[in-house]
file work-v2.cif (mmCIF, C-alpha atoms and all ligand atoms)
data_protein
loop_
_atom_site.group_PDB
_atom_site.id
_atom_site.type_symbol
_atom_site.label_atom_id
_atom_site.label_comp_id
_atom_site.auth_asym_id
_atom_site.auth_seq_id
_atom_site.Cartn_x
_atom_site.Cartn_y
_atom_site.Cartn_z
ATOM 1 C CA MET A 170 10.516 28.202 55.955
ATOM 2 C CA SER A 171 7.629 26.441 54.225
ATOM 3 C CA LEU A 172 7.621 22.677 54.602
ATOM 4 C CA LEU A 173 4.249 21.873 53.054
ATOM 5 C CA LYS A 174 2.721 23.923 50.277
ATOM 6 C CA VAL A 175 -0.705 23.224 48.834
ATOM 7 C CA GLU A 176 -1.407 25.436 45.846
ATOM 8 C CA ARG A 177 -4.774 25.962 44.170
ATOM 9 C CA VAL A 178 -6.029 22.416 44.703
ATOM 10 C CA HIS A 179 -9.368 21.381 43.232
ATOM 11 C CA LYS A 180 -11.079 18.047 43.818
ATOM 12 C CA SER A 181 -14.472 16.660 42.774
ATOM 13 C CA TYR A 182 -16.219 13.386 43.557
ATOM 14 C CA ASN A 183 -18.352 12.396 40.573
ATOM 15 C CA GLY A 184 -19.075 15.991 39.649
ATOM 16 C CA LEU A 185 -19.523 17.189 43.259
ATOM 17 C CA GLN A 186 -16.820 19.774 43.844
ATOM 18 C CA VAL A 187 -15.433 19.176 47.325
ATOM 19 C CA LEU A 188 -12.248 21.284 47.256
ATOM 20 C CA LYS A 189 -12.159 24.619 45.464
ATOM 21 C CA ASN A 190 -8.898 26.412 44.881
ATOM 22 C CA VAL A 191 -7.436 25.401 48.248
ATOM 23 C CA SER A 192 -4.020 26.792 49.157
ATOM 24 C CA LEU A 193 -2.219 26.140 52.414
ATOM 25 C CA ASP A 194 1.250 26.899 53.649
ATOM 26 C CA VAL A 195 2.626 24.996 56.635
ATOM 27 C CA GLN A 196 5.907 26.188 58.110
ATOM 28 C CA ALA A 197 8.582 23.768 59.320
ATOM 29 C CA GLY A 198 8.040 23.028 63.009
ATOM 30 C CA GLU A 199 4.563 24.551 63.036
ATOM 31 C CA ARG A 200 1.499 23.098 64.771
ATOM 32 C CA HIS A 201 -1.119 23.866 62.146
ATOM 33 C CA VAL A 202 -4.725 22.904 62.839
ATOM 34 C CA LEU A 203 -7.400 22.485 60.192
ATOM 35 C CA ILE A 204 -10.935 23.132 61.388
ATOM 36 C CA GLY A 205 -14.301 23.345 59.690
ATOM 37 C CA PRO A 206 -17.797 21.927 59.949
ATOM 38 C CA ASN A 207 -18.592 18.326 58.962
ATOM 39 C CA GLY A 208 -18.273 17.847 55.225
ATOM 40 C CA ALA A 209 -16.054 20.921 54.736
ATOM 41 C CA GLY A 210 -13.484 18.794 52.883
ATOM 42 C CA LYS A 211 -10.771 18.403 55.552
ATOM 43 C CA THR A 212 -10.232 14.644 55.182
ATOM 44 C CA THR A 213 -10.429 14.926 51.403
ATOM 45 C CA LEU A 214 -7.650 17.503 51.587
ATOM 46 C CA PHE A 215 -5.520 15.036 53.608
ATOM 47 C CA HIS A 216 -6.207 12.338 50.991
ATOM 48 C CA CYS A 217 -5.151 14.751 48.246
ATOM 49 C CA MET A 218 -1.996 15.807 50.088
ATOM 50 C CA THR A 219 -0.847 12.247 50.700
ATOM 51 C CA GLY A 220 -1.659 10.979 47.205
ATOM 52 C CA THR A 221 -4.393 8.640 48.499
ATOM 53 C CA LEU A 222 -6.701 10.483 46.091
ATOM 54 C CA PRO A 223 -5.601 12.110 42.836
ATOM 55 C CA ILE A 224 -6.248 15.836 42.647
ATOM 56 C CA ASP A 225 -7.996 17.432 39.668
ATOM 57 C CA GLU A 226 -5.886 20.582 39.637
ATOM 58 C CA GLY A 227 -3.180 22.163 41.727
ATOM 59 C CA VAL A 228 0.175 21.276 43.203
ATOM 60 C CA VAL A 229 1.345 19.844 46.530
ATOM 61 C CA THR A 230 4.998 20.134 47.500
ATOM 62 C CA VAL A 231 6.941 19.053 50.577
ATOM 63 C CA ASN A 232 10.211 20.835 51.105
ATOM 64 C CA GLY A 233 10.102 22.027 47.513
ATOM 65 C CA ARG A 234 9.546 18.564 46.097
ATOM 66 C CA GLN A 235 6.330 18.000 44.178
ATOM 67 C CA ILE A 236 4.383 14.988 45.449
ATOM 68 C CA SER A 237 1.011 15.575 43.787
ATOM 69 C CA GLY A 238 0.392 13.274 40.849
ATOM 70 C CA LEU A 239 2.784 10.719 42.321
ATOM 71 C CA PRO A 240 1.984 7.503 44.235
ATOM 72 C CA PRO A 241 1.426 7.689 48.045
ATOM 73 C CA TYR A 242 4.833 6.149 48.813
ATOM 74 C CA THR A 243 6.389 9.357 47.464
ATOM 75 C CA ALA A 244 4.784 11.225 50.358
ATOM 76 C CA VAL A 245 6.298 8.709 52.779
ATOM 77 C CA ARG A 246 9.709 9.124 51.165
ATOM 78 C CA VAL A 247 9.669 12.874 51.696
ATOM 79 C CA GLY A 248 8.931 12.313 55.395
ATOM 80 C CA MET A 249 5.154 12.475 55.578
ATOM 81 C CA ALA A 250 3.155 10.185 57.865
ATOM 82 C CA ARG A 251 -0.521 10.230 58.692
ATOM 83 C CA THR A 252 -3.215 8.705 60.825
ATOM 84 C CA PHE A 253 -6.778 8.103 59.740
ATOM 85 C CA GLN A 254 -10.147 8.705 61.409
ATOM 86 C CA LYS A 255 -10.461 4.929 61.708
ATOM 87 C CA ASN A 256 -7.687 2.815 63.144
ATOM 88 C CA ASN A 257 -5.536 0.722 60.849
ATOM 89 C CA LEU A 258 -4.100 -1.745 63.358
ATOM 90 C CA PHE A 259 -3.618 -5.499 63.373
ATOM 91 C CA ASP A 260 -6.288 -6.374 65.949
ATOM 92 C CA ASN A 261 -4.942 -9.816 66.848
ATOM 93 C CA LEU A 262 -1.351 -8.740 67.401
ATOM 94 C CA THR A 263 0.014 -7.105 70.513
ATOM 95 C CA VAL A 264 0.902 -3.451 70.901
ATOM 96 C CA GLU A 265 4.566 -4.338 70.637
ATOM 97 C CA GLU A 266 4.099 -6.551 67.575
ATOM 98 C CA ASN A 267 2.200 -3.805 65.750
ATOM 99 C CA LEU A 268 5.026 -1.416 66.496
ATOM 100 C CA HIS A 269 7.693 -3.913 65.382
ATOM 101 C CA LEU A 270 5.936 -4.240 62.029
ATOM 102 C CA ALA A 271 5.672 -0.462 61.628
ATOM 103 C CA ILE A 272 9.360 0.043 62.405
ATOM 104 C CA ALA A 273 10.429 -2.841 60.156
ATOM 105 C CA ALA A 274 8.379 -1.408 57.287
ATOM 106 C CA CYS A 275 10.466 1.763 57.431
ATOM 107 C CA LYS A 276 13.837 0.021 57.426
ATOM 108 C CA PRO A 277 15.717 -1.426 54.510
ATOM 109 C CA TYR A 278 15.638 -4.847 56.197
ATOM 110 C CA ARG A 279 15.793 -8.166 54.550
ATOM 111 C CA PHE A 280 14.337 -10.597 57.051
ATOM 112 C CA HIS A 281 16.074 -13.951 57.206
ATOM 113 C CA PHE A 282 13.945 -16.972 57.885
ATOM 114 C CA PHE A 283 16.490 -18.534 60.263
ATOM 115 C CA LYS A 284 17.449 -15.376 62.121
ATOM 116 C CA PRO A 285 15.598 -15.288 65.471
ATOM 117 C CA PHE A 286 13.576 -12.129 65.927
ATOM 118 C CA HIS A 287 15.344 -11.198 69.181
ATOM 119 C CA LYS A 288 18.527 -10.693 67.139
ATOM 120 C CA TYR A 289 17.049 -7.631 65.449
ATOM 121 C CA THR A 290 18.311 -5.619 68.391
ATOM 122 C CA ASP A 291 18.141 -2.140 66.863
ATOM 123 C CA LEU A 292 14.495 -2.668 65.935
ATOM 124 C CA LEU A 293 13.646 -3.982 69.420
ATOM 125 C CA GLU A 294 15.473 -1.119 71.121
ATOM 126 C CA GLU A 295 13.722 1.450 68.974
ATOM 127 C CA ALA A 296 10.334 -0.069 69.838
ATOM 128 C CA GLU A 297 11.169 -0.101 73.542
ATOM 129 C CA GLN A 298 12.227 3.523 73.455
ATOM 130 C CA LEU A 299 9.042 4.631 71.676
ATOM 131 C CA LEU A 300 6.787 2.619 74.000
ATOM 132 C CA LYS A 301 8.450 4.067 77.079
ATOM 133 C CA GLN A 302 8.523 7.586 75.715
ATOM 134 C CA TRP A 303 4.812 7.572 74.888
ATOM 135 C CA ASP A 304 3.511 5.704 77.963
ATOM 136 C CA LEU A 305 2.531 2.435 76.300
ATOM 137 C CA TRP A 306 5.324 0.297 77.760
ATOM 138 C CA GLU A 307 3.067 -1.237 80.438
ATOM 139 C CA ARG A 308 0.553 -2.192 77.749
ATOM 140 C CA ARG A 309 3.094 -3.655 75.315
ATOM 141 C CA ALA A 310 1.953 -7.281 75.648
ATOM 142 C CA CYS A 311 -1.763 -6.482 75.267
ATOM 143 C CA VAL A 312 -3.497 -7.666 72.147
ATOM 144 C CA VAL A 313 -4.889 -4.662 70.288
ATOM 145 C CA ASN A 314 -8.512 -5.787 70.524
ATOM 146 C CA GLN A 315 -8.177 -5.716 74.334
ATOM 147 C CA LEU A 316 -7.203 -2.042 74.330
ATOM 148 C CA SER A 317 -9.662 0.760 74.844
ATOM 149 C CA TYR A 318 -10.534 2.751 71.739
ATOM 150 C CA GLY A 319 -8.451 5.653 73.018
ATOM 151 C CA GLU A 320 -5.430 3.422 73.564
ATOM 152 C CA GLN A 321 -5.806 2.057 70.042
ATOM 153 C CA ARG A 322 -5.801 5.590 68.630
ATOM 154 C CA LEU A 323 -2.742 6.404 70.700
ATOM 155 C CA LEU A 324 -1.003 3.308 69.353
ATOM 156 C CA GLU A 325 -1.799 4.360 65.827
ATOM 157 C CA LEU A 326 -0.168 7.700 66.515
ATOM 158 C CA LEU A 327 2.858 5.855 67.808
ATOM 159 C CA LEU A 328 3.015 3.767 64.631
ATOM 160 C CA ALA A 329 2.997 6.970 62.580
ATOM 161 C CA LEU A 330 5.908 8.249 64.686
ATOM 162 C CA ALA A 331 7.827 5.040 63.991
ATOM 163 C CA SER A 332 8.624 6.269 60.488
ATOM 164 C CA LYS A 333 10.391 9.288 62.058
ATOM 165 C CA PRO A 334 8.307 11.720 60.029
ATOM 166 C CA ARG A 335 9.162 15.345 59.585
ATOM 167 C CA LEU A 336 5.538 16.081 58.677
ATOM 168 C CA LEU A 337 2.787 14.308 60.609
ATOM 169 C CA LEU A 338 -0.846 14.562 59.522
ATOM 170 C CA LEU A 339 -3.358 13.608 62.209
ATOM 171 C CA ASP A 340 -7.028 13.206 61.306
ATOM 172 C CA GLU A 341 -9.150 13.887 64.405
ATOM 173 C CA PRO A 342 -6.677 12.283 66.811
ATOM 174 C CA THR A 343 -8.954 12.703 69.851
ATOM 175 C CA SER A 344 -12.305 11.712 68.369
ATOM 176 C CA GLY A 345 -14.053 9.036 70.431
ATOM 177 C CA MET A 346 -11.618 9.430 73.317
ATOM 178 C CA SER A 347 -12.480 9.825 76.985
ATOM 179 C CA PRO A 348 -11.527 13.180 78.562
ATOM 180 C CA ALA A 349 -8.468 11.543 80.171
ATOM 181 C CA GLU A 350 -7.347 10.037 76.865
ATOM 182 C CA THR A 351 -7.934 13.359 75.103
ATOM 183 C CA ALA A 352 -5.745 15.084 77.682
ATOM 184 C CA GLN A 353 -3.031 12.436 77.233
ATOM 185 C CA THR A 354 -3.107 12.760 73.440
ATOM 186 C CA THR A 355 -3.000 16.555 73.713
ATOM 187 C CA ARG A 356 0.065 16.311 75.959
ATOM 188 C CA LEU A 357 1.644 13.927 73.480
ATOM 189 C CA MET A 358 1.148 16.384 70.624
ATOM 190 C CA GLN A 359 2.442 19.251 72.757
ATOM 191 C CA SER A 360 5.544 17.308 73.705
ATOM 192 C CA MET A 361 6.511 16.238 70.190
ATOM 193 C CA PRO A 362 9.812 17.768 69.125
ATOM 194 C CA ARG A 363 9.651 20.717 66.735
ATOM 195 C CA SER A 364 11.594 18.655 64.230
ATOM 196 C CA ILE A 365 8.161 17.132 63.564
ATOM 197 C CA THR A 366 5.761 19.508 61.848
ATOM 198 C CA LEU A 367 2.127 18.819 62.723
ATOM 199 C CA LEU A 368 -0.956 19.301 60.591
ATOM 200 C CA VAL A 369 -4.010 18.250 62.579
ATOM 201 C CA ILE A 370 -7.717 18.025 61.801
ATOM 202 C CA GLU A 371 -9.547 18.566 65.070
ATOM 203 C CA HIS A 372 -13.074 19.390 66.221
ATOM 204 C CA ASP A 373 -12.433 19.710 69.958
ATOM 205 C CA MET A 374 -11.761 23.431 70.404
ATOM 206 C CA ASP A 375 -9.979 22.946 73.735
ATOM 207 C CA VAL A 376 -7.503 20.699 71.935
ATOM 208 C CA VAL A 377 -7.286 23.057 68.942
ATOM 209 C CA PHE A 378 -6.362 26.060 71.057
ATOM 210 C CA SER A 379 -4.020 24.018 73.264
ATOM 211 C CA ILE A 380 -1.794 23.022 70.387
ATOM 212 C CA ALA A 381 -2.219 25.422 67.443
ATOM 213 C CA ASP A 382 0.339 27.963 66.283
ATOM 214 C CA ARG A 383 -1.859 28.616 63.290
ATOM 215 C CA ILE A 384 -5.392 27.630 62.326
ATOM 216 C CA THR A 385 -6.972 27.286 58.910
ATOM 217 C CA VAL A 386 -10.750 27.229 58.608
ATOM 218 C CA LEU A 387 -12.173 25.233 55.727
ATOM 219 C CA HIS A 388 -15.787 25.871 54.752
ATOM 220 C CA HIS A 389 -17.653 24.366 51.794
ATOM 221 C CA GLY A 390 -14.359 23.169 50.364
ATOM 222 C CA GLU A 391 -12.664 26.578 50.452
ATOM 223 C CA VAL A 392 -10.164 28.183 52.773
ATOM 224 C CA PHE A 393 -12.313 30.635 54.672
ATOM 225 C CA LEU A 394 -9.631 32.062 56.934
ATOM 226 C CA SER A 395 -6.120 31.231 58.052
ATOM 227 C CA GLY A 396 -4.454 32.934 60.978
ATOM 228 C CA ALA A 397 -3.152 32.959 64.513
ATOM 229 C CA PRO A 398 -5.370 31.283 67.152
ATOM 230 C CA GLU A 399 -6.392 34.638 68.669
ATOM 231 C CA GLU A 400 -7.515 35.918 65.289
ATOM 232 C CA ILE A 401 -9.642 32.813 64.675
ATOM 233 C CA ARG A 402 -11.044 32.837 68.201
ATOM 234 C CA ARG A 403 -12.293 36.407 67.851
ATOM 235 C CA ASP A 404 -13.701 36.111 64.343
ATOM 236 C CA GLU A 405 -17.485 36.324 64.527
ATOM 237 C CA ARG A 406 -17.851 34.716 61.095
ATOM 238 C CA VAL A 407 -16.013 31.590 62.269
ATOM 239 C CA LYS A 408 -18.366 31.314 65.257
ATOM 240 C CA GLU A 409 -21.241 31.678 62.839
ATOM 241 C CA ILE A 410 -19.915 28.877 60.616
ATOM 242 C CA TYR A 411 -19.446 26.525 63.553
ATOM 243 C CA PHE A 412 -22.328 27.291 65.833
ATOM 244 C CA GLY A 413 -24.628 29.630 63.974
ATOM 245 C CA GLY A 414 -23.243 32.412 66.194
ATOM 246 C CA GLY A 415 -23.836 32.926 69.887
ATOM 247 C CA ALA A 416 -21.702 30.341 71.619
ATOM 248 C CA PRO A 417 -18.040 31.175 72.251
ATOM 249 C CA LEU A 418 -15.606 29.213 70.119
ATOM 250 C CA TYR A 419 -13.489 28.599 73.175
ATOM 251 C CA ALA A 420 -14.021 29.441 76.819
ATOM 252 C CA GLU A 421 -11.953 32.497 77.753
ATOM 253 C CA ALA A 422 -9.533 31.782 80.582
HETATM 254 N N1 LIG A 501 -15.623 8.866 48.486
HETATM 255 C C1 LIG A 501 -16.514 9.871 48.378
HETATM 256 N N2 LIG A 501 -17.384 9.914 47.359
HETATM 257 C C2 LIG A 501 -18.263 10.936 47.226
HETATM 258 N N3 LIG A 501 -18.348 11.973 48.080
HETATM 259 C C3 LIG A 501 -17.505 11.969 49.131
HETATM 260 C C4 LIG A 501 -16.542 10.924 49.337
HETATM 261 N N4 LIG A 501 -15.839 11.196 50.470
HETATM 262 C C5 LIG A 501 -16.334 12.362 50.943
HETATM 263 N N5 LIG A 501 -17.324 12.812 50.143
HETATM 264 C C6 LIG A 501 -18.065 14.073 50.321
HETATM 265 O O1 LIG A 501 -17.124 15.127 50.239
HETATM 266 C C7 LIG A 501 -17.460 16.153 51.165
HETATM 267 C C8 LIG A 501 -16.260 16.420 52.078
HETATM 268 O O2 LIG A 501 -16.047 15.251 52.885
HETATM 269 P P1 LIG A 501 -14.821 15.171 53.896
HETATM 270 O O3 LIG A 501 -14.894 13.837 54.556
HETATM 271 O O4 LIG A 501 -13.579 15.537 53.209
HETATM 272 O O5 LIG A 501 -15.210 16.322 54.933
HETATM 273 P P2 LIG A 501 -14.636 16.618 56.382
HETATM 274 O O6 LIG A 501 -14.474 18.086 56.479
HETATM 275 O O7 LIG A 501 -13.426 15.774 56.633
HETATM 276 O O8 LIG A 501 -15.827 16.142 57.310
HETATM 277 P P3 LIG A 501 -15.802 15.492 58.800
HETATM 278 O O9 LIG A 501 -15.422 16.589 59.734
HETATM 279 O O10 LIG A 501 -17.236 15.052 58.974
HETATM 280 O O11 LIG A 501 -14.846 14.332 58.772
HETATM 281 C C9 LIG A 501 -18.706 15.689 51.915
HETATM 282 O O12 LIG A 501 -19.821 16.272 51.270
HETATM 283 C C10 LIG A 501 -18.696 14.195 51.705
HETATM 284 O O13 LIG A 501 -20.010 13.678 51.723
#
call {"tool": "encode", "arguments": {"input": "work-v2.cif", "output": "structure tokens", "more": "lines below"}}
Ligand SMILES: Nc1ncnc2c1ncn2[C@@H]1O[C@H](COP(=O)(O)OP(=O)(O)OP(=O)(O)O)[C@@H](O)[C@H]1O
result
Amino acid sequence: MSLLKVERVHKSYNGLQVLKNVSLDVQAGERHVLIGPNGAGKTTLFHCMTGTLPIDEGVVTVNGRQISGLPPYTAVRVGMARTFQKNNLFDNLTVEENLHLAIAACKPYRFHFFKPFHKYTDLLEEAEQLLKQWDLWERRACVVNQLSYGEQRLLELLLALASKPRLLLLDEPTSGMSPAETAQTTRLMQSMPRSITLLVIEHDMDVVFSIADRITVLHHGEVFLSGAPEEIRRDERVKEIYFGGGAPLYAEA
């Protein structure tokens, strides 16, 4: 069953056409990875899907509900969450405080000035569970600007999970990470329940082929090819697009 449908989307920046007739179908539970050279239009497509940028033409639906042409909070309401290439964290707050804010933002709370924070037990328990589940419990009292870049990116992923999304869009989740952090983030994506559908922009081919059920290649703003990982791996034209041919897209086991 299709969860996300992008149909014939066009987008230009000041006359420069960046997306041309892009269609994409992401099945519920799928791990769908979007690849393509720098400037192919991948992040722009995320912006268009989430309503961060208006699209010129086309339709985006989640679970049959049209979200294109509507404000970004509509995407959140239908269960979409995303991370960005750059972190959007509160640098001077702790890991735990950032998470508390993210959880609170998704709840219909009315905070009471005289109610001590420790009385919001469901919120605190939810934060504890997420921190333990995703290996950030030991780092909960650290101020964000004391974390490594990789830990900050991991925290941002955790904040996206706090909204209990059914569709999670990750924009280059491993960029700038050490090999150990990349491995940890890959494991995290692999271990997410299938109730969360993943659409991931990724350049690291080891990560791509470790997580993908399906891969879509974007090139010059158009869908060049969409298929199973094996199909993409063997396609000479995809190698050509990425590396000018020659090098393998992914080391054969
Ligand atoms: N705000 C903007 N105004 C004008 N042009 C833009 C803007 N944002 C992106 N572009 C251009 O649109 C094209 C697609 O950019 P986009 O960031 O979507 O590509 P990408 O595939 O995500 O690249 P990367 O892998 O480097 O992140 C590029 O030519 C880029 O220079």
call {"tool": "resolve_selection", "arguments": {"input": "work-v2.cif", "expression": "the PyMOL selection byres (((not hetatm)) within 9 of (chain A and resi 501))", "output": "number ranges by chain"}}
result
A: 181-183, 185-188, 204-216, 254, 340-341, 370-372, 387-390
call {"tool": "residues_around", "arguments": {"input": "work-v2.cif", "residues": "Leu316 (chain A)", "least_positions_apart": "4", "cutoff": "12 Å", "atoms": "only C-alpha atoms", "output": "PyMOL selection string"}}
result
chain A and resi 258+260-264+305+307-312+320-325
call {"tool": "atom_distance", "arguments": {"input": "work-v2.cif", "atom1": "CA of Val202 (chain A)", "atom2": "CA of Gly238 (chain A)"}}
result
24.5 Å
call {"tool": "atom_distance", "arguments": {"input": "work-v2.cif", "atom1": "CA of Ala274 (chain A)", "atom2": "CA of Thr230 (chain A)"}}
result
23.9 Å
call {"tool": "resolve_selection", "arguments": {"input": "work-v2.cif", "expression": "the PyMOL selection byres (((chain A and resi 245) around 10) and not hetatm)", "output": "list in words"}}
result
Thr219, Gly220, Ile236, Pro240, Pro241, Tyr242, Thr243, Ala244, Arg246, Val247, Gly248, Met249, Ala250, Arg251, Cys275, Ser332, Pro334, Arg335 and Leu336 of chain A
call {"tool": "atom_distance", "arguments": {"input": "work-v2.cif", "atom1": "CA of Asp304 (chain A)", "atom2": "CA of Asp382 (chain A)"}}
result
25.3 Å
call {"tool": "residues_around", "arguments": {"input": "work-v2.cif", "residues": "Ala271 (chain A)", "least_positions_apart": "5", "cutoff": "8 Å", "atoms": "all atoms listed in the file", "output": "ChimeraX atom specification"}}
result
/A:328-329,331-332
call {"tool": "axis_aligned_box", "arguments": {"input": "work-v2.cif", "around": "region 220-235 of chain A", "padding_each_side": "3 Å", "output": "JSON"}}
result
{"center_x": 1.1, "center_y": 15.4, "center_z": 45.4, "size_x": 24.2, "size_y": 19.5, "size_z": 17.5}
call {"tool": "residues_around", "arguments": {"input": "work-v2.cif", "residues": "Arg383 (chain A)", "least_positions_apart": "5", "cutoff": "8 Å", "atoms": "only C-alpha atoms", "output": "ChimeraX atom specification"}}
result
/A:199-202,395-398
call {"tool": "closest_residue", "arguments": {"input": "work-v2.cif", "among": "A:Leu203, A:Leu222, A:Ile410, A:Ser364", "to": "Leu330 (chain A)", "atoms": "only C-alpha atoms"}}
result
A:Ser364
call {"tool": "closest_residue", "arguments": {"input": "work-v2.cif", "among": "A:Ser171, A:Gln353, A:Gln302, A:Ser192", "to": "Phe393 (chain A)", "atoms": "all atoms listed in the file"}}
result
A:Ser192
